[in-house]
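Printed here is structure_2.cif (mmCIF, C-alpha atoms and all ligand atoms):
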data_input
#
loop_
_atom_site.label_atom_id
_atom_site.label_comp_id
_atom_site.auth_asym_id
_atom_site.auth_seq_id
_atom_site.Cartn_x
_atom_site.Cartn_y
_atom_site.Cartn_z
CA MET A 55 24.21 7.15 15.98
CA ASP A 56 27.03 8.69 18.02
CA SER A 57 27.16 12.16 19.53
CA THR A 58 29.47 13.58 16.82
CA GLU A 59 26.77 12.79 14.24
CA GLN A 60 24.23 14.66 16.35
CA GLN A 61 26.37 17.80 16.21
CA GLU A 62 27.11 17.58 12.48
CA THR A 63 26.11 20.58 10.35
CA LEU A 64 26.23 20.88 6.58
CA GLU A 65 25.57 23.54 3.95
CA VAL A 66 23.15 22.21 1.34
CA LYS A 67 20.91 23.33 -1.49
CA ILE A 68 17.29 22.14 -1.39
CA GLU A 69 16.54 20.51 -4.74
CA ARG A 70 12.78 20.09 -4.40
CA LEU A 71 10.05 19.09 -1.97
CA LEU A 72 9.15 15.43 -1.58
CA PRO A 73 6.01 13.54 -0.54
CA GLY A 74 5.77 14.13 3.19
CA GLY A 75 6.69 17.78 2.57
CA VAL A 76 10.42 17.53 3.33
CA GLY A 77 13.11 19.16 1.21
CA LEU A 78 15.51 16.92 -0.71
CA ALA A 79 19.25 17.63 -0.60
CA HIS A 80 22.42 15.63 -1.14
CA ALA A 81 25.71 16.00 0.71
CA GLU A 82 28.70 13.83 1.52
CA GLY A 83 27.22 10.77 -0.16
CA ARG A 84 23.98 11.02 1.78
CA THR A 85 20.42 11.84 0.84
CA LEU A 86 19.06 14.45 3.20
CA PHE A 87 15.43 15.05 4.11
CA VAL A 88 15.22 18.60 5.43
CA SER A 89 12.11 19.75 7.27
CA LEU A 90 10.45 23.17 6.77
CA ALA A 91 12.51 23.84 3.63
CA ALA A 92 11.73 25.64 0.37
CA PRO A 93 12.96 24.60 -3.09
CA ASP A 94 16.30 26.29 -3.97
CA ASP A 95 16.99 27.38 -0.39
CA ILE A 96 20.68 27.30 0.48
CA VAL A 97 20.73 26.39 4.14
CA ARG A 98 22.91 25.15 6.95
CA VAL A 99 21.30 22.08 8.46
CA LYS A 100 21.94 19.94 11.49
CA ILE A 101 21.58 16.19 11.19
CA ASP A 102 18.92 14.92 13.59
CA ARG A 103 18.89 11.25 12.67
CA VAL A 104 20.73 8.94 10.29
CA SER A 105 19.40 5.76 8.74
CA GLY A 106 21.87 4.16 6.33
CA LYS A 107 22.54 6.60 3.49
CA VAL A 108 19.58 8.75 4.48
CA ALA A 109 19.71 11.56 7.04
CA PHE A 110 16.91 13.63 8.52
CA ALA A 111 17.92 17.22 9.07
CA SER A 112 16.61 20.57 10.27
CA ILE A 113 17.57 24.06 9.21
CA ILE A 114 19.72 26.07 11.61
CA GLU A 115 20.57 28.95 9.23
CA ILE A 116 19.12 30.19 5.97
CA ILE A 117 22.14 31.25 3.91
CA LYS A 118 20.26 32.19 0.73
CA PRO A 119 16.48 31.96 0.85
CA SER A 120 14.46 30.42 -1.95
CA PRO A 121 12.65 32.99 -4.13
CA VAL A 122 9.39 31.41 -2.95
CA ARG A 123 10.26 31.49 0.74
CA ILE A 124 8.18 33.84 2.90
CA GLU A 125 8.25 34.73 6.57
CA PRO A 126 5.88 32.23 8.24
CA PRO A 127 3.06 34.39 9.65
CA CYS A 128 2.24 32.17 12.64
CA PRO A 129 4.33 32.67 15.82
CA TYR A 130 4.04 28.95 16.67
CA PHE A 131 5.37 27.79 13.28
CA GLY A 132 8.26 25.36 13.65
CA LEU A 133 7.28 24.37 17.19
CA CYS A 134 3.63 23.42 16.57
CA GLY A 135 3.17 20.13 14.72
CA GLY A 136 0.17 21.40 12.77
CA CYS A 137 1.56 23.28 9.74
CA ASP A 138 4.72 22.56 7.77
CA PHE A 139 4.31 24.72 4.63
CA GLN A 140 3.97 28.25 6.03
CA GLN A 141 7.50 29.04 4.82
CA LEU A 142 6.20 28.88 1.21
CA SER A 143 4.14 31.44 -0.68
CA TYR A 144 0.67 30.06 -1.37
CA GLU A 145 1.46 29.68 -5.10
CA ALA A 146 4.59 27.71 -4.20
CA GLN A 147 2.55 25.45 -1.89
CA LEU A 148 0.25 24.60 -4.79
CA ASP A 149 3.20 23.99 -7.15
CA ALA A 150 4.88 21.74 -4.60
CA LYS A 151 1.72 19.68 -4.07
CA LYS A 152 1.24 19.19 -7.78
CA GLU A 153 4.87 18.10 -8.13
CA ILE A 154 4.47 15.69 -5.18
CA ILE A 155 1.44 14.07 -6.83
CA LEU A 156 3.17 13.72 -10.21
CA ASP A 157 6.30 12.39 -8.50
CA CYS A 158 4.25 9.66 -6.73
CA LEU A 159 2.38 8.74 -9.91
CA HIS A 160 5.64 8.48 -11.83
CA ARG A 161 7.83 6.81 -9.21
CA ILE A 162 5.32 4.49 -7.53
CA ALA A 163 2.64 3.84 -10.16
CA LYS A 164 5.07 4.09 -13.13
CA ILE A 165 2.68 6.38 -14.92
CA GLU A 166 4.89 7.85 -17.60
CA ALA A 167 2.59 10.07 -19.65
CA PRO A 168 2.64 13.68 -18.46
CA LEU A 169 -0.83 13.97 -16.98
CA GLU A 170 -2.46 17.34 -16.76
CA THR A 171 -3.17 17.74 -13.04
CA PRO A 172 -5.20 20.84 -12.25
CA ILE A 173 -4.94 21.89 -8.62
CA HIS A 174 -7.90 23.72 -7.13
CA ALA A 175 -6.75 26.35 -4.67
CA SER A 176 -8.56 26.69 -1.38
CA PRO A 177 -10.89 29.71 -1.46
CA LYS A 178 -9.37 30.54 1.93
CA PRO A 179 -5.68 29.73 2.50
CA TRP A 180 -6.20 30.73 6.17
CA GLN A 181 -9.18 30.27 8.49
CA TYR A 182 -10.37 27.27 6.46
CA ARG A 183 -10.08 24.45 8.98
CA ALA A 184 -13.53 23.41 10.22
CA ARG A 185 -12.37 20.36 12.17
CA ALA A 186 -9.58 20.13 14.74
CA THR A 187 -8.24 18.00 17.56
CA TRP A 188 -6.71 19.88 20.48
CA GLN A 189 -4.57 18.41 23.23
CA PHE A 190 -4.49 19.45 26.87
CA ASP A 191 -1.56 18.73 29.19
CA ARG A 192 -2.70 19.09 32.78
CA SER A 193 0.84 19.08 34.18
CA THR A 194 1.82 22.18 32.19
CA ASN A 195 -1.67 23.64 31.63
CA ARG A 196 -0.93 23.82 27.90
CA LEU A 197 -3.81 23.65 25.43
CA GLY A 198 -3.17 23.38 21.71
CA TYR A 199 -1.52 20.90 19.33
CA PHE A 200 1.28 18.38 19.69
CA THR A 201 4.69 19.93 19.00
CA ARG A 202 6.56 18.76 15.89
CA GLY A 203 7.72 15.16 16.34
CA SER A 204 6.62 14.77 19.97
CA ASN A 205 3.63 14.29 22.23
CA ASN A 206 4.39 17.43 24.21
CA VAL A 207 1.69 20.04 23.89
CA CYS A 208 2.36 23.38 22.22
CA ASP A 209 0.21 26.04 23.89
CA VAL A 210 -1.68 27.78 21.07
CA GLU A 211 -3.80 30.83 21.85
CA TYR A 212 -4.57 31.71 18.24
CA CYS A 213 -4.55 29.23 15.34
CA ALA A 214 -4.56 31.02 11.99
CA VAL A 215 -5.92 28.09 9.98
CA LEU A 216 -9.05 27.56 12.12
CA VAL A 217 -12.41 28.89 10.97
CA PRO A 218 -13.41 31.74 13.32
CA GLU A 219 -16.04 29.59 15.08
CA LEU A 220 -13.41 27.03 16.09
CA GLN A 221 -10.96 29.74 17.16
CA GLN A 222 -13.71 31.06 19.40
CA THR A 223 -14.32 27.56 20.80
CA LEU A 224 -10.59 27.19 21.53
CA GLU A 225 -10.67 30.50 23.42
CA GLU A 226 -13.79 29.48 25.36
CA LEU A 227 -12.16 26.20 26.40
CA ARG A 228 -9.08 28.11 27.55
CA ASN A 229 -10.90 30.91 29.36
CA GLU A 230 -14.17 29.44 30.58
CA ILE A 231 -13.51 25.81 31.53
CA PRO A 232 -11.59 25.16 34.76
CA SER A 233 -8.39 23.36 33.79
CA GLU A 234 -9.18 20.39 36.07
CA GLN A 235 -12.25 19.77 33.91
CA LEU A 236 -10.45 19.90 30.56
CA PRO A 237 -9.99 16.45 28.98
CA LYS A 238 -6.77 15.22 27.37
CA HIS A 239 -8.08 15.32 23.80
CA ILE A 240 -10.81 17.53 22.41
CA ASP A 241 -12.32 17.06 18.94
CA ALA A 242 -14.30 19.94 17.46
CA VAL A 243 -16.09 20.47 14.17
CA ALA A 244 -18.01 23.48 12.89
CA GLY A 245 -21.24 23.38 10.89
CA ASP A 246 -23.81 25.93 9.69
CA ASP A 247 -25.61 25.74 13.01
CA GLY A 248 -22.79 25.76 15.53
CA VAL A 249 -19.82 23.80 16.79
CA SER A 250 -19.84 20.20 17.99
CA VAL A 251 -17.26 19.30 20.65
CA ALA A 252 -16.33 15.79 21.80
CA VAL A 253 -13.96 14.80 24.56
CA ARG A 254 -11.60 11.86 24.82
CA ASN A 255 -9.73 10.79 27.94
CA ALA A 256 -7.16 7.98 27.85
CA GLY A 257 -8.35 7.03 24.36
CA VAL A 258 -11.96 6.67 25.51
CA GLN A 259 -14.42 8.62 23.40
CA GLY A 260 -17.37 10.35 25.08
CA HIS A 261 -20.75 9.92 23.38
CA ASN A 262 -22.65 13.13 23.78
CA ALA A 263 -21.30 15.48 21.16
CA PRO A 264 -24.01 17.76 19.75
CA ILE A 265 -25.24 16.95 16.25
CA ILE A 266 -24.73 19.77 13.77
CA SER A 267 -25.23 20.10 10.03
CA ARG A 268 -23.63 21.59 6.95
CA ARG A 269 -25.25 22.38 3.61
CA ILE A 270 -23.02 21.50 0.66
CA GLY A 271 -24.43 22.01 -2.82
CA ASN A 272 -27.92 20.52 -2.81
CA GLU A 273 -27.35 18.35 0.24
CA THR A 274 -27.53 18.77 4.00
CA TYR A 275 -25.26 16.56 6.10
CA GLN A 276 -25.63 15.93 9.80
CA PHE A 277 -22.58 14.84 11.78
CA SER A 278 -20.86 15.37 15.11
CA ALA A 279 -17.35 15.76 16.48
CA GLU A 280 -17.31 12.04 17.34
CA GLY A 281 -16.84 10.96 13.72
CA PHE A 282 -15.14 11.93 10.50
CA PHE A 283 -16.20 14.91 8.46
CA GLN A 284 -14.01 16.66 5.90
CA ILE A 285 -11.90 19.63 7.02
CA ASN A 286 -12.17 22.31 4.34
CA HIS A 287 -15.86 22.77 3.62
CA ASP A 288 -15.43 25.50 1.00
CA LEU A 289 -13.88 23.02 -1.45
CA LEU A 290 -16.34 20.18 -0.99
CA GLU A 291 -18.88 21.11 -3.65
CA ALA A 292 -16.18 21.32 -6.34
CA MET A 293 -14.63 18.10 -5.07
CA ILE A 294 -17.92 16.22 -5.26
CA GLU A 295 -18.50 17.52 -8.81
CA THR A 296 -15.06 16.36 -9.91
CA ALA A 297 -15.36 12.98 -8.19
CA LEU A 298 -18.73 12.26 -9.78
CA GLY A 299 -18.23 14.01 -13.13
CA ASP A 300 -21.09 13.05 -15.44
CA ALA A 301 -21.51 9.60 -13.87
CA GLU A 302 -25.05 8.30 -14.07
CA GLY A 303 -26.58 4.88 -14.39
CA LYS A 304 -28.22 2.00 -12.59
CA ALA A 305 -25.85 1.01 -9.79
CA ALA A 306 -23.14 2.78 -7.80
CA VAL A 307 -21.06 1.80 -4.77
CA ASP A 308 -19.55 4.29 -2.30
CA LEU A 309 -16.75 2.66 -0.29
CA TYR A 310 -15.61 4.25 3.02
CA CYS A 311 -18.73 6.41 2.76
CA GLY A 312 -18.54 8.12 6.18
CA VAL A 313 -21.71 10.15 6.82
CA GLY A 314 -22.57 9.99 3.12
CA LEU A 315 -20.74 12.97 1.61
CA PHE A 316 -20.71 11.30 -1.83
CA THR A 317 -23.58 8.85 -1.20
CA LEU A 318 -26.24 11.57 -1.22
CA PRO A 319 -25.30 13.08 -4.60
CA LEU A 320 -24.84 9.55 -5.99
CA ALA A 321 -28.37 8.70 -4.87
CA ARG A 322 -29.65 11.47 -7.16
CA ARG A 323 -27.94 9.95 -10.17
CA PHE A 324 -28.18 6.18 -9.73
CA GLU A 325 -31.16 3.89 -9.22
CA ARG A 326 -29.29 1.76 -6.71
CA VAL A 327 -26.55 2.99 -4.37
CA ILE A 328 -24.69 1.00 -1.71
CA GLY A 329 -22.53 2.81 0.83
CA VAL A 330 -20.04 0.81 2.93
CA GLU A 331 -18.42 2.17 6.08
CA ALA A 332 -16.92 0.51 9.18
CA ASN A 333 -17.84 3.12 11.80
CA PRO A 334 -21.41 2.51 13.08
CA LEU A 335 -21.78 6.12 14.23
CA ALA A 336 -21.01 7.30 10.70
CA THR A 337 -23.41 4.81 9.11
CA ASP A 338 -26.18 6.01 11.46
CA PHE A 339 -25.58 9.54 10.20
CA ALA A 340 -25.39 8.36 6.57
CA ARG A 341 -28.78 6.61 6.87
CA ARG A 342 -30.30 9.65 8.54
CA ASN A 343 -28.80 12.01 5.94
CA LEU A 344 -30.16 9.88 3.11
CA ALA A 345 -33.59 9.61 4.70
CA GLU A 346 -33.82 13.38 5.03
CA CYS A 347 -32.42 14.13 1.58
CA THR A 348 -35.37 15.61 -0.27
CA PRO A 349 -35.90 14.86 -3.96
CA ILE A 350 -34.69 17.62 -6.22
CA VAL A 351 -35.94 18.02 -9.74
CA ARG A 352 -33.09 19.27 -11.84
CA GLU A 353 -34.01 21.30 -14.87
CA GLY A 354 -33.89 19.24 -18.05
CA ALA A 355 -32.90 16.08 -16.21
CA ASP A 356 -34.85 13.08 -15.06
CA SER A 357 -32.21 11.99 -12.60
CA ALA A 358 -33.87 13.25 -9.44
CA ARG A 359 -34.29 10.65 -6.69
CA SER A 360 -37.28 8.65 -7.69
CA GLU A 361 -39.61 6.49 -5.64
CA ASN A 362 -38.03 3.25 -6.74
CA GLN A 363 -34.59 4.51 -5.87
CA GLU A 364 -32.85 1.97 -3.66
CA THR A 365 -30.12 2.97 -1.22
CA GLU A 366 -28.42 0.80 1.33
CA ILE A 367 -25.82 1.77 3.91
CA VAL A 368 -23.84 -1.18 5.22
CA THR A 369 -21.78 -1.13 8.41
CA ALA A 370 -18.81 -3.31 7.52
CA ARG A 371 -15.15 -3.25 6.68
CA VAL A 372 -14.78 -2.70 2.96
CA GLY A 373 -12.61 -5.80 2.36
CA ASP A 374 -15.02 -8.07 4.24
CA TRP A 375 -18.06 -6.69 2.46
CA LEU A 376 -16.43 -6.96 -0.97
CA SER A 377 -15.25 -10.52 -0.38
CA GLN A 378 -18.83 -11.53 0.41
CA HIS A 379 -20.65 -9.51 -2.24
CA SER A 380 -18.43 -8.66 -5.19
CA ASN A 381 -19.60 -11.66 -7.20
CA SER A 382 -23.28 -11.34 -6.35
CA ILE A 383 -24.40 -7.72 -6.65
CA GLY A 384 -24.44 -7.56 -10.43
CA THR A 385 -23.19 -4.84 -12.73
CA VAL A 386 -21.81 -1.75 -11.03
CA ASP A 387 -21.56 1.32 -13.25
CA PHE A 388 -19.63 3.51 -10.86
CA LEU A 389 -17.56 2.91 -7.75
CA LEU A 390 -16.20 5.67 -5.54
CA LEU A 391 -13.64 4.97 -2.85
CA ASP A 392 -12.39 7.47 -0.28
CA PRO A 393 -10.19 5.47 2.09
CA PRO A 394 -8.18 6.82 5.05
CA ARG A 395 -4.57 7.97 4.53
CA THR A 396 -3.31 4.37 4.54
CA GLY A 397 -5.21 3.75 1.30
CA ALA A 398 -7.07 0.60 0.35
CA GLU A 399 -5.98 -2.76 1.75
CA ASN A 400 -4.95 -5.56 -0.65
CA LYS A 401 -8.22 -7.30 0.13
CA ASP A 402 -10.14 -4.12 -0.81
CA ILE A 403 -8.39 -3.80 -4.18
CA ALA A 404 -8.91 -7.51 -4.90
CA GLY A 405 -12.62 -7.07 -4.13
CA ILE A 406 -12.92 -4.00 -6.37
CA LEU A 407 -11.27 -5.89 -9.23
CA ALA A 408 -13.66 -8.82 -8.69
CA LEU A 409 -16.63 -6.41 -8.68
CA ARG A 410 -15.31 -4.85 -11.90
CA PRO A 411 -17.16 -1.50 -11.90
CA ARG A 412 -17.18 0.28 -15.27
CA GLN A 413 -15.82 3.47 -13.75
CA ILE A 414 -13.84 4.17 -10.58
CA SER A 415 -13.34 7.47 -8.80
CA TYR A 416 -10.59 7.30 -6.19
CA VAL A 417 -10.61 10.16 -3.65
CA SER A 418 -7.36 10.17 -1.71
CA CYS A 419 -5.65 12.25 0.97
CA ASP A 420 -2.24 10.66 0.41
CA PRO A 421 -0.63 10.72 -3.07
CA ALA A 422 1.78 7.88 -2.16
CA THR A 423 -0.88 5.35 -1.16
CA LEU A 424 -3.04 6.54 -4.06
CA ALA A 425 -0.21 5.81 -6.51
CA ARG A 426 0.40 2.39 -4.91
CA ASP A 427 -3.29 1.49 -5.32
CA LEU A 428 -3.59 2.96 -8.83
CA LYS A 429 -0.73 0.73 -9.92
CA LYS A 430 -2.75 -2.31 -8.80
CA LEU A 431 -5.96 -1.09 -10.41
CA ILE A 432 -4.18 -0.35 -13.70
CA ALA A 433 -2.55 -3.81 -13.60
CA GLY A 434 -6.04 -5.21 -12.97
CA GLY A 435 -7.47 -3.79 -16.22
CA TYR A 436 -8.23 -0.09 -15.63
CA SER A 437 -6.93 2.97 -17.42
CA LEU A 438 -6.34 6.29 -15.73
CA ASP A 439 -8.56 8.95 -17.31
CA SER A 440 -7.87 12.03 -15.18
CA VAL A 441 -6.23 13.32 -12.04
CA ALA A 442 -7.24 16.49 -10.21
CA ALA A 443 -5.96 17.92 -6.95
CA PHE A 444 -7.72 19.96 -4.28
CA ASP A 445 -5.86 22.02 -1.72
CA MET A 446 -7.94 20.92 1.23
CA PHE A 447 -5.15 21.58 3.73
CA PRO A 448 -3.34 24.90 3.00
CA GLN A 449 -0.19 25.62 5.04
CA THR A 450 0.51 21.87 5.28
CA HIS A 451 1.99 19.42 2.77
CA HIS A 452 -1.25 17.43 2.68
CA VAL A 453 -3.35 17.40 -0.48
CA GLU A 454 -6.51 15.69 -1.70
CA THR A 455 -6.37 13.99 -5.10
CA ILE A 456 -9.14 12.54 -7.24
CA ALA A 457 -8.21 9.95 -9.86
CA ARG A 458 -10.82 8.74 -12.35
CA LEU A 459 -10.40 5.36 -14.05
CA SER A 460 -12.36 3.25 -16.47
CA ALA A 461 -12.38 -0.46 -17.18
CA THR A 462 -10.42 -1.28 -20.31
CA SER A 463 -12.36 -4.49 -20.85
CA VAL A 464 -15.56 -5.61 -19.17
C1 LIG A 501 -11.35 9.71 4.43
S1 LIG A 501 -12.77 9.21 5.32
C2 LIG A 501 -13.98 9.42 4.06
C3 LIG A 501 -15.41 9.49 4.52
C4 LIG A 501 -16.40 10.05 3.52
N1 LIG A 501 -16.23 9.52 2.19
C5 LIG A 501 -16.35 11.57 3.49
O1 LIG A 501 -15.81 12.13 2.53
O2 LIG A 501 -16.81 12.18 4.45
C6 LIG A 501 -12.52 7.49 5.43
C7 LIG A 501 -13.62 6.72 6.11
O3 LIG A 501 -13.28 5.33 6.02
C8 LIG A 501 -13.71 4.68 7.20
N2 LIG A 501 -12.91 3.43 7.24
C9 LIG A 501 -11.61 3.29 7.56
N3 LIG A 501 -11.21 2.02 7.32
C10 LIG A 501 -12.28 1.35 6.84
C11 LIG A 501 -12.51 0.01 6.39
N4 LIG A 501 -11.53 -0.89 6.37
N5 LIG A 501 -13.73 -0.31 5.94
C12 LIG A 501 -14.73 0.60 5.93
N6 LIG A 501 -14.58 1.87 6.34
C13 LIG A 501 -13.37 2.25 6.79
C14 LIG A 501 -13.49 5.68 8.30
O4 LIG A 501 -14.34 5.41 9.40
C15 LIG A 501 -13.85 7.00 7.57
O5 LIG A 501 -15.22 7.30 7.76
#

Would you mind writing the file's structure down as structure tokens?
Ligand SMILES: C[S@@+](CC[C@H](N)C(=O)[O-])C[C@H]1O[C@@H](n2cnc3c(N)ncnc32)[C@H](O)[C@@H]1O
Amino acid sequence: MDSTEQQETLEVKIERLLPGGVGLAHAEGRTLFVSLAAPDDIVRVKIDRVSGKVAFASIIEIIKPSPVRIEPPCPYFGLCGGCDFQQLSYEAQLDAKKEIILDCLHRIAKIEAPLETPIHASPKPWQYRARATWQFDRSTNRLGYFTRGSNNVCDVEYCAVLVPELQQTLEELRNEIPSEQLPKHIDAVAGDDGVSVAVRNAGVQGHNAPIISRRIGNETYQFSAEGFFQINHDLLEAMIETALGDAEGKAAVDLYCGVGLFTLPLARRFERVIGVEANPLATDFARRNLAECTPIVREGADSARSENQETEIVTARVGDWLSQHSNSIGTVDFLLLDPPRTGAENKDIAGILALRPRQISYVSCDPATLARDLKKLIAGGYSLDSVAAFDMFPQTHHVETIARLSATSV
């Protein structure tokens, strides 16, 4: 790209928001991806980068704002890499996320039928984030998040999406810890009984983060800042209900089970449950959480955890475990998978198809990889029964989606 291209500015109309949260526009034979845009904005943009017929652009002037555009409330918005949807009213954020999911299902998975996709709003559009990673740059003394598109640190004194306990922790780190003692990366997560903080220097994780817990529905989960736990705790009970629906039976498998968020409620409904997770720290927590999960007798139901209930947590990569066990573990009534953003690997999908569970619940934090994987599952003999979205990450383009499938022939 030459320097004239770097200077180029164009007036464009934003057509809609795309997966990844960027605005789509067309000008001078190019497709433009415009960051921090709102649908129907008319804006002057500068081209930041060109790749063939595609250009990446940023807004330098809002000529006519979209009807759903609002003044971003956070003073760091645009510089901080954390949020990219604050320019949209909350309703418009939800609409955009729903459209992004349907776009992925249609374009990637070729799902034609208009699927009803309810989106569950976050009870709190601000102060919802119970897990965060902060960066510290000793050379500038900045503590906060990476800036948009770089590894420079944006100094953030107040983060409007953090739960108050984490905001307080951020302030304590800033005000009470001498800067020479602050590590490069700090992970923090809030529970019912406090905040767990873990430090990482040069990619090396410390191993002394306090263990905390969170009660969600009927279950108590222990975890620490050294491993994964979901971000928006207020939505988790509804998400678990949607993911499990009325599933009950003899055997269930929970792939990428983490500390057992879905494994515990599954253990109340199925006689045999197997959780598979690669991170040994998470599987330790999952075993502990299951061991301490007390039987609950639900009114009118005989599905409480019984004495002959069998639960196993396996520390393994999902693809490896499936390739060894999918032909030997017998009939599986229900399989839940909740992979990282990259989705399931080919080997994982092949193993799931070989296992042939009667029902699948796919919990995903990336609609594009979800659609890619649904296409393979549908081609492998499953039909898509329902899709529901959860706004786990307000003020960002990220969204959690749950797709339920059933085997068309067993
Ligand atoms: C999105 S988290 C879900 C965790 C859990 N279901 C929950 O909701 O808390 C994805 C999990 O997959 C694990 N993971 C990533 N790749 C994996 C793999 N190939 N095999 C097994 N686990 C994996 C991560 O360690 C992480 O705990």

What's the 8 Å shell around Lys107 (chain A), counting all atoms listed in the file, without same-chain residues fewer than 5 positions away, as a VMD selection string?
chain A and resid 83 to 85

Please work out which residues fall within 10 Å of (-34.0, 15.0, 3.6), coordinates as given in the file, with only C-alpha atoms counting, and return them as a ChimeraX atom specification.
/A:273-275,318,342-349

Ligand LIG 501 (chain A): which residues are within 6 Å, counting all atoms listed in the file? Reply as a PyMOL selection string.
chain A and resi 282-284+310-313+315+331-333+370-372+392-394

Give the answer as one residue: which of A:Arg202, A:Arg426, A:Lys304, A:Arg192 has the shortest atom-to-atom distance to Lys164 (chain A), using all atoms listed in the file?
A:Arg426

CA of Gln147 (chain A) and CA of Ala398 (chain A) are how many Å apart?
26.7 Å

Kindly give the distance, in Å, that separates CA of Thr63 (chain A) and CA of Ala92 (chain A), rounded to a single decimal.
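Separation between CA of Thr63 (chain A) and CA of Ala92 (chain A): 18.2 Å.
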
Report the closest atom pair, with its distance in Å rounded to one decimal, for each residue of region 248-315 of chain A that has an atom no farther than 7 Å from region 437-456 of chain A; count all atoms listed in the file, sort by chain and then rising residue number, and write it as CSV.
residue,atom,partner,partner_atom,distance
A:Asn286,CA,A:Met446,CA,5.4
A:Leu289,CA,A:Met446,CA,6.8
A:Ala297,CA,A:Ile456,CA,6.3

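One finds CA of Asn206 (chain A) at 20.9 Å from CA of Ala252 (chain A).
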
Quick one: of A:Gly77, A:Gly203, A:Pro421, A:Gly434, who's nearest to Ile406 (chain A), counting all atoms listed in the file?
A:Gly434

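If you measure from each of A:Leu389, A:Ala404, A:Ala422, A:Val215 to Cys158 (chain A) using all atoms listed in the file, the closest one turns out to be A:Ala422.
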
Just the residues within 7 Å of Ile414 (chain A), please, counting all atoms listed in the file, with nothing from its chain fewer than 2 positions along; format it as a PyMOL selection string.
chain A and resi 388-390+411-412+416+458-460

Selected residue of minimal separation from Ser204 (chain A) among A:Ile117, A:Val76, A:Val122, A:Leu133, counting all atoms listed in the file
A:Leu133

Within 12 Å of Tyr212 (chain A), counting all atoms listed in the file, which residues show up once you throw out same-chain ones fewer than 4 positions away? Write them as a JSON list (two decimals) with C-alpha atoms, in the coordinates of the input, please.
[["chain", "number", "residue", "atom", "x", "y", "z"],
["A", 127, "PRO", "CA", 3.06, 34.39, 9.65],
["A", 128, "CYS", "CA", 2.24, 32.17, 12.64],
["A", 129, "PRO", "CA", 4.33, 32.67, 15.82],
["A", 130, "TYR", "CA", 4.04, 28.95, 16.67],
["A", 131, "PHE", "CA", 5.37, 27.79, 13.28],
["A", 134, "CYS", "CA", 3.63, 23.42, 16.57],
["A", 181, "GLN", "CA", -9.18, 30.27, 8.49],
["A", 197, "LEU", "CA", -3.81, 23.65, 25.43],
["A", 198, "GLY", "CA", -3.17, 23.38, 21.71],
["A", 199, "TYR", "CA", -1.52, 20.90, 19.33],
["A", 208, "CYS", "CA", 2.36, 23.38, 22.22],
["A", 216, "LEU", "CA", -9.05, 27.56, 12.12],
["A", 217, "VAL", "CA", -12.41, 28.89, 10.97],
["A", 218, "PRO", "CA", -13.41, 31.74, 13.32],
["A", 220, "LEU", "CA", -13.41, 27.03, 16.09],
["A", 221, "GLN", "CA", -10.96, 29.74, 17.16],
["A", 222, "GLN", "CA", -13.71, 31.06, 19.40],
["A", 223, "THR", "CA", -14.32, 27.56, 20.80],
["A", 224, "LEU", "CA", -10.59, 27.19, 21.53],
["A", 225, "GLU", "CA", -10.67, 30.50, 23.42],
["A", 226, "GLU", "CA", -13.79, 29.48, 25.36],
["A", 228, "ARG", "CA", -9.08, 28.11, 27.55]]

Output requested as a PDB file, in the frame of the given file - region 144-150 of chain A, filled out with N, CA, C and O atoms.
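Everything below was put into out-v5.pdb:
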ATOM      1  N   TYR A 144       1.775  30.984  -1.106  1.00  0.00           N
ATOM      2  CA  TYR A 144       0.670  30.060  -1.370  1.00  0.00           C
ATOM      3  C   TYR A 144       0.804  29.425  -2.757  1.00  0.00           C
ATOM      4  O   TYR A 144       0.571  28.225  -2.934  1.00  0.00           O
ATOM      5  N   GLU A 145       1.231  30.213  -3.749  1.00  0.00           N
ATOM      6  CA  GLU A 145       1.460  29.680  -5.100  1.00  0.00           C
ATOM      7  C   GLU A 145       2.467  28.532  -5.056  1.00  0.00           C
ATOM      8  O   GLU A 145       2.295  27.503  -5.710  1.00  0.00           O
ATOM      9  N   ALA A 146       3.539  28.740  -4.285  1.00  0.00           N
ATOM     10  CA  ALA A 146       4.590  27.710  -4.200  1.00  0.00           C
ATOM     11  C   ALA A 146       4.068  26.456  -3.503  1.00  0.00           C
ATOM     12  O   ALA A 146       4.474  25.336  -3.823  1.00  0.00           O
ATOM     13  N   GLN A 147       3.162  26.630  -2.543  1.00  0.00           N
ATOM     14  CA  GLN A 147       2.550  25.450  -1.890  1.00  0.00           C
ATOM     15  C   GLN A 147       1.804  24.620  -2.932  1.00  0.00           C
ATOM     16  O   GLN A 147       1.923  23.394  -2.981  1.00  0.00           O
ATOM     17  N   LEU A 148       1.037  25.320  -3.781  1.00  0.00           N
ATOM     18  CA  LEU A 148       0.250  24.600  -4.790  1.00  0.00           C
ATOM     19  C   LEU A 148       1.179  23.893  -5.778  1.00  0.00           C
ATOM     20  O   LEU A 148       0.948  22.735  -6.146  1.00  0.00           O
ATOM     21  N   ASP A 149       2.239  24.600  -6.210  1.00  0.00           N
ATOM     22  CA  ASP A 149       3.200  23.990  -7.150  1.00  0.00           C
ATOM     23  C   ASP A 149       3.831  22.748  -6.533  1.00  0.00           C
ATOM     24  O   ASP A 149       3.982  21.712  -7.192  1.00  0.00           O
ATOM     25  N   ALA A 150       4.209  22.869  -5.259  1.00  0.00           N
ATOM     26  CA  ALA A 150       4.880  21.740  -4.600  1.00  0.00           C
ATOM     27  C   ALA A 150       3.937  20.540  -4.507  1.00  0.00           C
ATOM     28  O   ALA A 150       4.339  19.386  -4.732  1.00  0.00           O
TER      29      ALA A 150
END
